[in-house]
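Below is the file run11.txt, which contains compact mmCIF, C-alpha atoms.
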```txt
# COMPACT_ATOMS: atom_id res chain seq x y z
CA MET I 1 0.00 0.00 0.00
CA THR I 2 1.52 3.35 -1.06
CA LYS I 3 0.76 6.65 0.51
CA GLY I 4 0.30 9.82 -1.47
CA LYS I 5 0.22 13.55 -0.81
CA GLY I 6 -3.28 13.34 0.65
CA ASP I 7 -2.02 11.11 3.44
CA LEU I 8 0.67 13.64 4.31
CA ARG I 9 -1.94 16.38 4.54
CA LYS I 10 -4.04 14.22 6.86
CA GLY I 11 -0.95 13.76 9.05
CA VAL I 12 -0.34 17.50 9.16
CA GLY I 13 -3.99 18.03 10.03
CA ALA I 14 -3.64 15.62 12.93
CA LEU I 15 -0.53 17.48 14.09
CA GLU I 16 -2.35 20.80 13.89
CA LYS I 17 -5.24 19.37 15.90
CA PHE I 18 -2.76 18.05 18.47
CA GLN I 19 -1.06 21.45 18.59
CA LYS I 20 -4.37 23.17 19.35
CA SER I 21 -4.98 20.69 22.16
CA VAL I 22 -1.50 21.29 23.57
CA ASN I 23 -1.93 25.07 23.36
CA ALA I 24 -5.28 24.83 25.15
CA LEU I 25 -3.73 22.64 27.85
CA LEU I 26 -0.85 25.07 28.30
CA ALA I 27 -3.20 28.05 28.59
CA GLU I 28 -5.36 26.16 31.09
CA LEU I 29 -2.31 25.19 33.16
CA GLU I 30 -0.93 28.73 33.24
CA SER I 31 -4.27 30.25 34.29
CA SER I 32 -4.88 27.63 36.99
CA PRO I 33 -3.53 27.62 40.56
CA ALA I 34 -0.90 25.16 39.25
CA GLY I 35 0.60 27.73 36.86
CA LYS I 36 4.32 28.25 37.42
CA SER I 37 4.00 31.86 38.54
CA LYS I 38 1.14 31.11 40.94
CA VAL I 39 2.85 28.08 42.47
CA ALA I 40 6.07 30.04 42.93
CA ALA I 41 4.21 32.85 44.72
CA GLN I 42 2.63 30.54 47.32
CA THR I 43 5.09 30.52 50.19
CA VAL I 44 4.85 30.06 53.96
CA SER I 45 7.17 31.70 56.46
CA ARG I 46 8.87 29.78 59.28
CA THR I 47 6.93 31.77 61.89
CA SER I 48 3.68 30.35 60.51
CA PHE I 49 4.51 27.04 62.19
CA SER I 50 5.52 28.04 65.74
CA GLY I 51 6.08 31.74 66.19
CA GLN I 52 9.16 33.88 65.80
CA ASN I 53 12.45 32.45 67.12
CA ALA I 54 10.64 29.68 69.04
CA CYS I 55 12.75 26.57 69.49
CA PHE I 56 10.50 23.84 68.14
CA ALA I 57 12.32 21.08 66.23
CA GLU I 58 9.15 19.59 64.73
CA ALA I 59 8.12 22.98 63.33
CA ASP I 60 11.60 23.42 61.87
CA GLY I 61 11.36 19.97 60.26
CA LEU I 62 7.90 20.68 58.87
CA TYR I 63 9.04 24.01 57.47
CA THR I 64 12.08 22.39 55.85
CA GLN I 65 9.96 19.66 54.26
CA TYR I 66 7.32 22.18 53.14
CA ASN I 67 10.00 24.22 51.37
CA ARG I 68 11.52 21.10 49.78
CA VAL I 69 8.13 20.00 48.42
CA HIS I 70 7.26 23.55 47.35
CA GLU I 71 10.52 23.90 45.41
CA SER I 72 9.85 20.53 43.75
CA LEU I 73 6.34 21.63 42.75
CA VAL I 74 7.64 24.90 41.30
CA THR I 75 10.26 22.98 39.32
CA LEU I 76 7.67 20.42 38.15
CA SER I 77 5.22 23.11 37.10
CA LYS I 78 7.88 24.97 35.11
CA SER I 79 9.13 21.76 33.54
CA LEU I 80 5.65 20.65 32.55
CA GLY I 81 4.88 24.02 30.98
CA ASP I 82 8.18 23.97 29.11
CA GLN I 83 7.60 20.43 27.84
CA ILE I 84 4.14 21.32 26.57
CA GLU I 85 5.54 24.43 24.85
CA TYR I 86 8.35 22.28 23.39
CA LEU I 87 5.82 19.81 21.94
CA SER I 88 3.73 22.67 20.59
CA LEU I 89 6.74 24.22 18.85
CA GLY I 90 7.75 20.84 17.43
CA VAL I 91 4.29 20.18 16.07
CA HIS I 92 4.20 23.65 14.50
CA ALA I 93 7.64 23.09 12.91
CA ALA I 94 6.56 19.71 11.57
CA ALA I 95 3.41 21.23 10.10
CA VAL I 96 5.06 24.16 8.31
CA GLY I 97 8.42 22.51 7.64
CA PHE I 98 11.53 23.03 9.72
CA ASP I 99 13.06 25.33 7.11
CA ASN I 100 10.02 27.65 7.39
CA VAL I 101 10.26 28.19 11.16
CA ASP I 102 11.40 31.66 12.24
CA ASP I 103 14.63 32.11 14.19
CA ASP I 104 12.91 33.07 17.47
CA THR I 105 10.81 29.89 17.44
CA ARG I 106 13.82 27.77 16.56
CA ARG I 107 15.88 29.45 19.32
CA ARG I 108 13.13 28.85 21.91
CA PHE I 109 12.82 25.20 20.84
CA TYR I 110 16.55 24.60 21.35
CA GLU I 111 16.57 26.62 24.58
CA ILE I 112 13.85 24.40 26.07
CA GLN I 113 15.62 21.29 24.76
CA ALA I 114 18.87 22.35 26.48
CA ASP I 115 17.00 23.04 29.75
CA MET I 116 15.33 19.63 29.62
CA ASP I 117 18.67 17.93 28.89
CA GLU I 118 20.24 19.70 31.87
CA GLU I 119 17.30 18.75 34.10
CA ARG I 120 17.59 15.11 32.97
CA LYS I 121 21.34 15.07 33.72
CA ARG I 122 20.72 16.57 37.17
CA ALA I 123 18.06 13.96 37.92
CA GLN I 124 20.35 11.13 36.80
CA ALA I 125 23.18 12.47 38.96
CA GLU I 126 20.87 12.58 41.99
CA LYS I 127 19.84 8.95 41.41
CA ARG I 128 23.44 7.68 41.37
CA PRO I 129 24.48 6.11 44.66
CA ALA I 130 27.04 8.02 46.67
CA PRO I 131 30.55 6.55 46.40
CA GLU I 132 31.67 4.41 49.32
CA GLN I 133 33.69 6.30 51.94
CA ASN I 134 36.06 3.36 52.31
CA ALA I 135 36.28 1.06 49.30
CA ASP I 136 38.23 -1.55 51.31
CA LYS I 137 35.48 -1.89 53.89
CA GLN I 138 33.25 -4.93 53.34
CA SER I 139 29.63 -5.07 54.45
CA ASP I 140 28.52 -7.18 57.42
CA ALA I 141 26.38 -9.22 55.00
CA GLY I 142 29.52 -10.28 53.13
CA TRP I 143 31.12 -11.51 56.36
CA ALA I 144 27.97 -13.39 57.40
CA ALA I 145 27.98 -15.38 54.17
CA GLU I 146 31.49 -16.76 54.80
```
Using structure tokens, write down the structure that the file contains.
Amino acid sequence: MTKGKGDLRKGVGALEKFQKSVNALLAELESSPAGKSKVAAQTVSRTSFSGQNACFAEADGLYTQYNRVHESLVTLSKSLGDQIEYLSLGVHAAAVGFDNVDDDTRRRFYEIQADMDEERKRAQAEKRPAPEQNADKQSDAGWAAE
């Protein structure tokens, strides 16, 4: 079965439809409470947990964890928005032809790609186990097996 020009146009139409869906999703995300600017603006001060300069270890721990989770949500929200924009730009470029994409769009596409590559490398580095402090030291489990 051979495919002709009409099939290519149907494919481009599907890409354009997908692009509209992605654009709508991006607009909805940005206008929602989960939008990157709104998530970043939602902060809590340390005094909200136990008062100013009060020595309360549990409140300190809760505040630390809250900030860790908040930073992760801000990063996730930004990353998700960037990925959706990246897909949208890619679909547009595929529809009009990569040679017909303006320089600003091409630059933004590669900028997002570089950010995502950097984020992926950071995540992989965080997943790697920490090197042993003493490589000569054997685990207790190894001794128990002998």
Near Leu87 (chain I), counting all atoms listed in the file, which residues have an atom at most 12 Å away, once you skip same-chain residues fewer than 3 positions from it, shown as a PyMOL selection string?
chain I and resi 15-16+18-23+25-26+80-84+90-94+108-110+112-113
So, counting all atoms listed in the file, which residue among I:Asn53, I:Gln65, I:Ser79, I:Thr43 is closest to Asp117 (chain I)?
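Nearest candidate to Asp117 (chain I) out of I:Asn53, I:Gln65, I:Ser79, I:Thr43: I:Ser79.
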For region 29-36 of chain I, find every residue with an atom within 7 Å (counting all atoms listed in the file), except residues of its own chain fewer than 2 positions away, and show them as a ChimeraX atom specification.
/I:25-27,38-40,74,77-78
Centre, edges in Å (one decimal): axis-aligned box, region 99-102 of chain I, 3 Å padding on all six sides, as AutoDock Vina command-line options:
```
--center_x 11.5 --center_y 28.5 --center_z 9.7 --size_x 9.0 --size_y 12.3 --size_z 11.1
```
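Our summary of the geometry notes that CA of Tyr63 (chain I) is positioned 8.0 Å from CA of Ser45 (chain I).
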CA of Ala59 (chain I) and CA of Leu73 (chain I) are how many Å apart?
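Calculated distance between CA of Ala59 (chain I) and CA of Leu73 (chain I) is 20.7 Å.
Picture a line from CA of Arg46 (chain I) to CA of Arg68 (chain I); it runs 13.1 Å.
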Exercise: Val44 (chain I) partners within 10 Å, all atoms listed in the file, chain neighbours under 5 positions left out, as a PyMOL selection string:
chain I and resi 49+63+66-67+70
I:Gln42, I:Leu89, I:Cys55, I:Glu28 ranked by distance to Asp102 (chain I), top pick (using only C-alpha atoms):
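Of all the options, I:Leu89 lies closest to Asp102 (chain I).
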